[in-house]
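To start, the structure under review is shown below, and the notes come after it.
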Amino acid sequence: METAPGDLEVARRRVEELRRLIARHDYLYHVLDRPEISDAEYDALVRELVSLETRFPQLLTPDSPSQRVGGLVATDFRPVTHSSPMLSLDNAFDEAELRQFDRRVRSFLPGEAVEYVVEPKIDGLSVVLTYERGVLVLGATRGDGYQGEDVTPNLRTVRAIPLRLREPSPGVEVPSRLEVRGEVYIPVSEFRKLNEGQAEAGLPLFANPRNAAAGAVRQKDSRITARRPLSAFIYEVRLAEGWTLRTHAEGLEFLARLGFQVNPEWAVHQDIDQVHRHCRAWVARREELDYEIDGMVIKVNDLDQQRRLGRTARAPRWAVAYKFPAQRRVTRVLDIQVNVGRTGAVTPLAILEPVLVGGSTVSRATLHNEDVVRQKDVRVGDHVVVHKAGDVIPEIIEVLADRRTGQERPFRMPDRCPACGSRLERPEGEVALRCPAGPTCPAQRTEALIHWGSRGAMDVEGLGEATVTQLLESGLVRDAADLYHLTVQDVVNLERMGEKSAENLVRAIDASRRRPLWRLLVALGIRYVGERAAQLLEEHFGSLERIAAAGPEELAAVPGIGPKIAAAVHGFFREERNRDFVRRLEAAGLNTGAPAERPATAAGGPDLSGQTVVFTGTLAGMSRAEAEALVRSLGGRTAGSVSRHTALAVAGENPGSKLDRARELGIRVLGEDEFLALVRRERGPS
Ligand code: IVH
């Protein structure tokens, strides 16, 4: 349709008016929580704007609220180097550490009065936003603090983030350049609704609001981000050209005037006693909030003092995070069992009545060693308080002795190995008891084989605890070297093992022959040799033969390999039964470092071990089977459907619902060409 120049002018004026109106209602709704119009009226404004912008594309600008609905970003997120490092925070876990922070601050500012601002520590995703002449031009993740990712289109969909700044006061211009930092999060109430929706649709649930927010911010398709209930609190002015702020509190007020959502729960305190009381009060109050917080942040208010305090490598000296104590729950000890580990260490293990702690169910907790059991006086039948140490490992913190009935049973460490009956030993200088039987002990043999197949070692899919136990009990296998002689016929006779799983297991074992040498080194289970040490050894020596032949000094001369590791490696290869084991592995065709061991298709390609790749749609250059074989040749595995465990989805022509699913879950999606570029990476010019 022809449009007269006059129409364009009229449209321009209306578009500008609509944008102003929509921005104002966004602000009232998402920042001030005080809407003035109904959702339907709001939607009508957006629709009118979108239709005008469609008719007059020349009027479209990046700060238009129509951009909040998102669009497809096909490319990877561009890396962004931060203008100054986005530092992290040091933690204070108790009052003493909080006071220590205060003392350090004062030691740098002798004789000066110090004021602190205390604000909630939002458990979300740290972002930095850049505005030029009032318009949002860049939104980036924190990344490693130095370099993040450009996620601007995704952050534009977050309605609490202004696309255009408001005037700080009537007639006063916004800073020509502004950089702010804040936290993107999902409100708890919205998170519940989100997971209800996932459950109804039969989709996996999000573990917690933080994960859901992080996944949404890193979506390749910002239309999906737009549907996620993201919000944002902004808490720091990193740069405001032309403005001189005096205090952090002033900064927070300034941010609010510019139209950002600033957390209202901040307070200024004159000394550390007040700060501590304030933090303590929040431990109880955190449940009242509609967003998750994991502590309080304490900041020196005066910006000049901040500047003089400076920073350490990782964190500013002018701030600290007071972390809330981890969640604790009471449960009962049903039993105390004794566990024999891969290296023979014998550890007591409490079996607990299952209880939900900090977002996951806990049903067992290690008791470390006999001394710990005695010291805590844990008895079977006791009520105990559990938490997750470092938020991960379940631990019994205390026994509720006053709830005892007299029926509780004290625990005594056995003096013989529960698996093989050998007399347990306590090596000098160690707290743990050990079973000295080595691989002749069935428990150690089981653990060693489970370790062999684990993700960090040879990564053999299907070689979990149950299968390992069956293989050993049936006598088919005595150690890992025997695995490589198994046939489908052998395996299919095991209980609960179908034809298909037997084939898969044998194929997975076969594929593990071609793992890089460092994985084999980890799998051998030499004490102290983890991924890093193994990689250093591979890099330096290149083959198992040379590592086995190296003397302790030669080993310790490798940068990063200390005398303890060197002694363990040397000792391992001096033992005849280990040398014999290694010879059998070599005979079974495992890669021990000779370069010819890698198949031609994969030579020099990336290591995909532990990664699952899903294909969807038709590939132009190869069959699905060929593509899958390529992935397997690089150590990866393939699957027919997308799940949270999928590392990569490859989309060909006419991709199906798997592609939508992958995007929903924030999984990396590659086109066919990109996939080929990836697998051919490092193979030199072709
Ligand atoms: S200040 C240079 N204030 O906590 C100081 N951080 O554990 C910058 N966080 O990476 C941080 N709420 O992502 C600050 N009110 C708040 C915060 C906050 C959450 C996050 C931030 C930081 C992490 C450190």
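The way I read the labels, and the way they are meant: chains A, B, ... in the order of the structure tokens, residue 1 as the first residue of every chain, and ligand 1 as the first ligand shown, with later ones counted on from there.
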
Step by step, measure atom-to-atom distances between ligand 1 and each residue using only C-alpha atoms and all ligand atoms, keep those at most 6 Å, then write them as a PyMOL selection string. chain A and resi 87-89+119-123+125-126+183+235+297+316

Close residues, Lys564 of chain A itself excluded, 12 Å, only C-alpha atoms, min 2 positions apart in chain, as a ChimeraX atom specification: /A:526-529,533,552-553,555-556,560-562,566-571

Output for the residues just chosen: all heavy atoms as a short mmCIF file (atom, residue, chain, number, x, y, z; two decimals), in the first residue's frame:
data_model
loop_
_atom_site.label_atom_id
_atom_site.label_comp_id
_atom_site.auth_asym_id
_atom_site.auth_seq_id
_atom_site.Cartn_x
_atom_site.Cartn_y
_atom_site.Cartn_z
N ILE A 526 45.06 -44.83 40.48
CA ILE A 526 46.27 -44.57 41.27
C ILE A 526 45.95 -43.45 42.24
O ILE A 526 45.34 -42.45 41.86
CB ILE A 526 47.44 -44.15 40.35
CG1 ILE A 526 47.62 -45.19 39.24
CG2 ILE A 526 48.72 -43.95 41.14
CD1 ILE A 526 48.58 -44.76 38.15
N ARG A 527 46.37 -43.61 43.48
CA ARG A 527 46.03 -42.59 44.48
C ARG A 527 46.56 -41.22 44.05
O ARG A 527 47.65 -41.12 43.51
CB ARG A 527 46.63 -42.95 45.84
CG ARG A 527 45.58 -43.60 46.72
CD ARG A 527 46.15 -43.84 48.07
NE ARG A 527 45.47 -43.01 49.07
CZ ARG A 527 45.80 -43.02 50.35
NH1 ARG A 527 46.79 -43.75 50.77
NH2 ARG A 527 45.14 -42.27 51.21
N TYR A 528 45.79 -40.20 44.31
CA TYR A 528 46.10 -38.79 44.02
C TYR A 528 46.10 -38.44 42.52
O TYR A 528 46.37 -37.30 42.16
CB TYR A 528 47.46 -38.34 44.60
CG TYR A 528 47.68 -38.78 46.03
CD1 TYR A 528 48.73 -39.63 46.37
CD2 TYR A 528 46.81 -38.34 47.04
CE1 TYR A 528 48.92 -40.04 47.68
CE2 TYR A 528 47.00 -38.75 48.35
CZ TYR A 528 48.06 -39.59 48.66
OH TYR A 528 48.24 -40.00 49.94
N VAL A 529 45.91 -39.43 41.64
CA VAL A 529 45.93 -39.10 40.21
C VAL A 529 44.52 -38.84 39.71
O VAL A 529 43.77 -39.76 39.42
CB VAL A 529 46.63 -40.20 39.37
CG1 VAL A 529 46.60 -39.83 37.89
CG2 VAL A 529 48.07 -40.36 39.84
N ALA A 533 46.27 -34.22 37.07
CA ALA A 533 47.57 -34.89 37.10
C ALA A 533 47.70 -35.82 35.90
O ALA A 533 48.76 -35.88 35.26
CB ALA A 533 47.73 -35.68 38.41
N PRO A 552 60.89 -41.86 40.22
CA PRO A 552 60.15 -40.84 40.99
C PRO A 552 60.64 -39.41 40.74
O PRO A 552 59.83 -38.49 40.71
CB PRO A 552 60.37 -41.26 42.45
CG PRO A 552 61.30 -42.42 42.45
CD PRO A 552 61.46 -42.91 41.05
N GLU A 553 61.96 -39.24 40.55
CA GLU A 553 62.46 -37.86 40.34
C GLU A 553 61.99 -37.35 38.99
O GLU A 553 61.60 -36.18 38.86
CB GLU A 553 64.00 -37.80 40.35
CG GLU A 553 64.66 -38.24 41.65
CD GLU A 553 64.73 -39.76 41.75
OE1 GLU A 553 64.70 -40.43 40.70
OE2 GLU A 553 64.76 -40.29 42.89
N LEU A 555 59.34 -38.20 37.45
CA LEU A 555 57.91 -37.88 37.54
C LEU A 555 57.70 -36.55 38.25
O LEU A 555 56.94 -35.69 37.81
CB LEU A 555 57.18 -39.00 38.29
CG LEU A 555 57.02 -40.32 37.52
CD1 LEU A 555 56.75 -41.47 38.49
CD2 LEU A 555 55.90 -40.20 36.49
N ALA A 556 58.43 -36.37 39.36
CA ALA A 556 58.24 -35.16 40.16
C ALA A 556 58.77 -33.92 39.44
O ALA A 556 58.45 -32.79 39.80
CB ALA A 556 58.92 -35.32 41.52
N GLY A 560 53.70 -29.34 38.19
CA GLY A 560 52.34 -29.68 38.59
C GLY A 560 52.24 -31.05 39.23
O GLY A 560 51.24 -31.38 39.85
N ILE A 561 53.27 -31.87 39.08
CA ILE A 561 53.28 -33.19 39.73
C ILE A 561 54.18 -33.12 40.96
O ILE A 561 55.38 -32.95 40.84
CB ILE A 561 53.82 -34.28 38.76
CG1 ILE A 561 52.98 -34.36 37.48
CG2 ILE A 561 53.89 -35.64 39.44
CD1 ILE A 561 51.59 -34.91 37.64
N GLY A 562 53.57 -33.21 42.13
CA GLY A 562 54.34 -33.12 43.37
C GLY A 562 54.94 -34.47 43.74
O GLY A 562 54.65 -35.48 43.09
N ALA A 566 54.07 -38.33 42.48
CA ALA A 566 55.15 -39.05 41.82
C ALA A 566 55.38 -40.39 42.51
O ALA A 566 55.51 -41.43 41.85
CB ALA A 566 56.42 -38.21 41.84
N ALA A 567 55.40 -40.37 43.85
CA ALA A 567 55.65 -41.61 44.59
C ALA A 567 54.51 -42.61 44.34
O ALA A 567 54.76 -43.81 44.18
CB ALA A 567 55.78 -41.30 46.08
N ALA A 568 53.28 -42.10 44.30
CA ALA A 568 52.14 -43.00 44.11
C ALA A 568 52.19 -43.65 42.73
O ALA A 568 51.96 -44.85 42.58
CB ALA A 568 50.83 -42.23 44.30
N VAL A 569 52.53 -42.85 41.71
CA VAL A 569 52.58 -43.37 40.35
C VAL A 569 53.70 -44.40 40.23
O VAL A 569 53.52 -45.51 39.72
CB VAL A 569 52.80 -42.22 39.33
CG1 VAL A 569 53.04 -42.78 37.93
CG2 VAL A 569 51.60 -41.28 39.33
N HIS A 570 54.84 -44.02 40.77
CA HIS A 570 55.99 -44.91 40.70
C HIS A 570 55.67 -46.23 41.42
O HIS A 570 55.89 -47.32 40.89
CB HIS A 570 57.20 -44.23 41.32
CG HIS A 570 58.43 -45.06 41.27
ND1 HIS A 570 59.08 -45.33 40.09
CD2 HIS A 570 59.12 -45.71 42.25
CE1 HIS A 570 60.12 -46.10 40.34
NE2 HIS A 570 60.17 -46.34 41.64
N GLY A 571 55.13 -46.09 42.62
CA GLY A 571 54.79 -47.27 43.43
C GLY A 571 53.80 -48.18 42.70
O GLY A 571 53.94 -49.41 42.73
#

Find the spatial neighbours of Asp43 of chain A, counting only C-alpha atoms, within a cut-off of 12 Å - ignore same-chain residues fewer than 2 positions away - and output them as a VMD selection string. chain A and resid 18 21 to 22 25 to 26 37 to 41 45 to 50 65 to 66 69

Å distance separating atom CA of Ala508 of chain A from atom CA of Val614 of chain A, one decimal place: 17.1 Å

What are the DSSP strand (DSSP E or B) residues of segment 226-341 of chain A, as a PyMOL selection string? chain A and resi 231-240+247+267-269+293-300+302+311+316+319-323+329-340

Find the residues near Asn211 of chain A: any atom within 12 Å, counting only C-alpha atoms, skip ones fewer than 3 places away on the same chain, and give them as a PyMOL selection string. chain A and resi 123-125+184-186+191+205-208+214-218+230+292+644+665-666

Please produce an output containing N, CA and C atoms for each residue in the selection, written as a tab-separated table (two decimals), in the first residue's frame.
chain	number	residue	atom	x	y	z
A	123	ASP	N	19.78	-14.38	44.97
A	123	ASP	CA	20.34	-15.61	44.40
A	123	ASP	C	19.88	-15.73	42.96
A	124	GLY	N	20.58	-15.03	42.09
A	124	GLY	CA	20.18	-15.03	40.68
A	124	GLY	C	21.40	-15.09	39.80
A	125	LEU	N	21.35	-14.31	38.74
A	125	LEU	CA	22.41	-14.34	37.74
A	125	LEU	C	22.91	-12.92	37.56
A	184	VAL	N	19.61	-10.84	37.75
A	184	VAL	CA	18.37	-11.28	37.12
A	184	VAL	C	17.88	-12.50	37.90
A	185	TYR	N	16.58	-12.54	38.17
A	185	TYR	CA	16.05	-13.64	38.99
A	185	TYR	C	14.61	-13.95	38.57
A	186	ILE	N	14.10	-15.04	39.08
A	186	ILE	CA	12.68	-15.38	38.87
A	186	ILE	C	12.01	-15.38	40.25
A	191	PHE	N	8.07	-18.90	39.85
A	191	PHE	CA	8.80	-20.15	39.66
A	191	PHE	C	7.87	-21.35	39.89
A	205	LEU	N	11.19	-30.70	35.45
A	205	LEU	CA	11.06	-29.51	36.30
A	205	LEU	C	12.41	-28.81	36.44
A	206	PHE	N	12.36	-27.52	36.69
A	206	PHE	CA	13.58	-26.79	36.99
A	206	PHE	C	13.95	-27.03	38.44
A	207	ALA	N	15.26	-27.16	38.70
A	207	ALA	CA	15.71	-27.49	40.05
A	207	ALA	C	15.43	-26.37	41.03
A	208	ASN	N	15.63	-25.14	40.61
A	208	ASN	CA	15.42	-23.99	41.50
A	208	ASN	C	15.31	-22.73	40.64
A	214	ALA	N	18.94	-18.68	34.92
A	214	ALA	CA	20.19	-18.77	34.16
A	214	ALA	C	19.92	-19.39	32.79
A	215	GLY	N	19.09	-20.42	32.76
A	215	GLY	CA	18.76	-21.07	31.50
A	215	GLY	C	18.04	-20.11	30.56
A	216	ALA	N	17.14	-19.32	31.13
A	216	ALA	CA	16.36	-18.40	30.30
A	216	ALA	C	17.25	-17.31	29.71
A	217	VAL	N	18.19	-16.82	30.50
A	217	VAL	CA	19.06	-15.73	30.01
A	217	VAL	C	19.98	-16.23	28.90
A	218	ARG	N	20.28	-17.52	28.91
A	218	ARG	CA	21.19	-18.05	27.89
A	218	ARG	C	20.44	-18.77	26.77
A	230	LEU	N	11.10	-13.48	34.14
A	230	LEU	CA	12.33	-12.91	34.69
A	230	LEU	C	12.11	-11.51	35.26
A	292	GLU	N	14.53	-15.51	46.08
A	292	GLU	CA	15.45	-16.23	46.95
A	292	GLU	C	16.68	-15.38	47.24
A	644	ARG	N	17.75	-33.05	29.80
A	644	ARG	CA	18.67	-32.09	30.41
A	644	ARG	C	20.11	-32.57	30.30
A	665	LEU	N	15.27	-26.01	26.81
A	665	LEU	CA	16.18	-26.40	27.89
A	665	LEU	C	17.49	-25.63	27.82
A	666	GLY	N	17.60	-24.74	26.82
A	666	GLY	CA	18.82	-23.94	26.74
A	666	GLY	C	20.02	-24.76	26.29

Among segment 325-447 of chain A, which ones does DSSP place in alpha helix (DSSP H), written as a ChimeraX atom specification? /A:370-376,442-447

Could you save the residues just selected, with N, CA and C atoms, as a compact mmCIF listing (two decimals), in the first residue's frame?
# COMPACT_ATOMS: atom_id res chain seq x y z
N GLU A 370 35.95 -43.54 62.34
CA GLU A 370 35.49 -43.94 63.66
C GLU A 370 35.58 -42.79 64.65
N ASP A 371 36.66 -42.00 64.55
CA ASP A 371 36.82 -40.87 65.47
C ASP A 371 35.62 -39.94 65.40
N VAL A 372 35.16 -39.69 64.18
CA VAL A 372 34.04 -38.76 64.00
C VAL A 372 32.78 -39.35 64.64
N VAL A 373 32.54 -40.64 64.44
CA VAL A 373 31.35 -41.27 65.03
C VAL A 373 31.41 -41.16 66.55
N ARG A 374 32.58 -41.41 67.09
CA ARG A 374 32.72 -41.38 68.55
C ARG A 374 32.54 -39.95 69.06
N GLN A 375 33.17 -39.04 68.38
CA GLN A 375 33.13 -37.65 68.81
C GLN A 375 31.70 -37.10 68.75
N LYS A 376 30.97 -37.43 67.68
CA LYS A 376 29.59 -36.96 67.58
C LYS A 376 28.64 -37.85 68.37
N PRO A 442 36.36 -58.23 47.36
CA PRO A 442 35.27 -58.01 46.41
C PRO A 442 34.72 -56.58 46.43
N ALA A 443 34.72 -55.96 47.60
CA ALA A 443 34.18 -54.60 47.66
C ALA A 443 35.08 -53.65 46.88
N GLN A 444 36.40 -53.80 47.05
CA GLN A 444 37.32 -52.92 46.33
C GLN A 444 37.27 -53.18 44.83
N ARG A 445 37.08 -54.47 44.50
CA ARG A 445 37.00 -54.82 43.09
C ARG A 445 35.76 -54.16 42.46
N THR A 446 34.64 -54.22 43.19
CA THR A 446 33.41 -53.60 42.68
C THR A 446 33.61 -52.10 42.50
N GLU A 447 34.14 -51.47 43.54
CA GLU A 447 34.31 -50.02 43.47
C GLU A 447 35.28 -49.63 42.35

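Residue nearest Gly134 of chain A, chosen from A:Glu190, A:Glu241, A:Asp490, A:Glu53 and counting only C-alpha atoms: A:Glu241.
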
Show which residues sit within 9 Å of Leu585 of chain A, as a ChimeraX atom specification. Count only C-alpha atoms, and ignore same-chain residues fewer than 5 positions away. /A:480-482,484,580,590-592

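Between atom CA of Ser512 of chain A and atom CA of Ser643 of chain A lies a distance of 23.3 Å.
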
For Ala240 of chain A, which residue among A:Tyr131, A:Trp452, A:Tyr322, A:Trp282 is the nearest when counting only C-alpha atoms?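 Using only C-alpha atoms, Ala240 of chain A sits closest to A:Tyr131.
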
Determine, counting only C-alpha atoms, which protein, DNA and RNA residues have an atom within 9 Å of an atom of segment 414-430 of chain A; residues of the same chain fewer than 6 positions away are not included. Present the result as a ChimeraX atom specification. /A:338-340,346,436-437,440-444

Within 7 Å of segment 395-410 of chain A, counting only C-alpha atoms, which residues show up once you throw out same-chain ones fewer than 2 positions away? Write them as JSON, numbers by chain, please. {"A": [365, 366, 376, 378, 379, 380, 381, 382, 383, 384, 385, 386, 387, 388, 389, 393, 412]}

Atoms to include: N, CA and C atoms. Write the selected residues as a compact mmCIF listing (two decimals), in the first residue's frame.
# COMPACT_ATOMS: atom_id res chain seq x y z
N ALA A 365 24.53 -40.21 54.84
CA ALA A 365 25.54 -39.19 55.13
C ALA A 365 26.79 -39.90 55.60
N THR A 366 27.92 -39.51 55.05
CA THR A 366 29.15 -40.16 55.49
C THR A 366 29.50 -39.71 56.90
N LYS A 376 30.97 -37.43 67.68
CA LYS A 376 29.59 -36.96 67.58
C LYS A 376 28.64 -37.85 68.37
N VAL A 378 27.12 -40.63 67.43
CA VAL A 378 25.93 -40.96 66.65
C VAL A 378 25.59 -42.43 66.89
N ARG A 379 24.30 -42.70 67.21
CA ARG A 379 23.86 -44.09 67.43
C ARG A 379 22.70 -44.40 66.50
N VAL A 380 22.57 -45.68 66.19
CA VAL A 380 21.45 -46.10 65.34
C VAL A 380 20.15 -45.82 66.09
N GLY A 381 19.23 -45.11 65.45
CA GLY A 381 17.96 -44.75 66.09
C GLY A 381 17.94 -43.30 66.55
N ASP A 382 19.10 -42.63 66.54
CA ASP A 382 19.17 -41.24 67.00
C ASP A 382 18.42 -40.28 66.08
N HIS A 383 17.88 -39.21 66.67
CA HIS A 383 17.44 -38.06 65.87
C HIS A 383 18.66 -37.16 65.67
N VAL A 384 18.88 -36.76 64.44
CA VAL A 384 20.07 -35.96 64.15
C VAL A 384 19.70 -34.75 63.30
N VAL A 385 20.56 -33.73 63.37
CA VAL A 385 20.40 -32.56 62.51
C VAL A 385 21.33 -32.73 61.32
N VAL A 386 20.78 -32.62 60.10
CA VAL A 386 21.64 -32.74 58.92
C VAL A 386 21.64 -31.44 58.13
N HIS A 387 22.71 -31.21 57.41
CA HIS A 387 22.79 -30.10 56.47
C HIS A 387 23.63 -30.56 55.29
N LYS A 388 23.82 -29.67 54.33
CA LYS A 388 24.70 -30.03 53.24
C LYS A 388 25.95 -29.17 53.30
N ALA A 389 27.07 -29.83 53.56
CA ALA A 389 28.33 -29.11 53.69
C ALA A 389 28.69 -28.52 52.35
N ILE A 393 27.45 -31.78 50.11
CA ILE A 393 27.62 -33.10 50.72
C ILE A 393 26.83 -33.21 52.02
N ARG A 412 30.04 -49.66 66.65
CA ARG A 412 31.45 -50.03 66.81
C ARG A 412 32.01 -50.39 65.46

Between A:His451, A:Arg314, A:Arg19, A:Arg68, smallest distance to Leu463 of chain A by only C-alpha atoms belongs to A:His451

Between atom CA of Val582 of chain A and atom CA of Val522 of chain A, measure the distance and give it in Å to one decimal.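 A separation of 13.2 Å between them.
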
Restricting the calculation to only C-alpha atoms: of A:Pro168, A:Pro85, A:Pro563, A:Gly635, which residue gets closest to Arg514 of chain A? A:Gly635
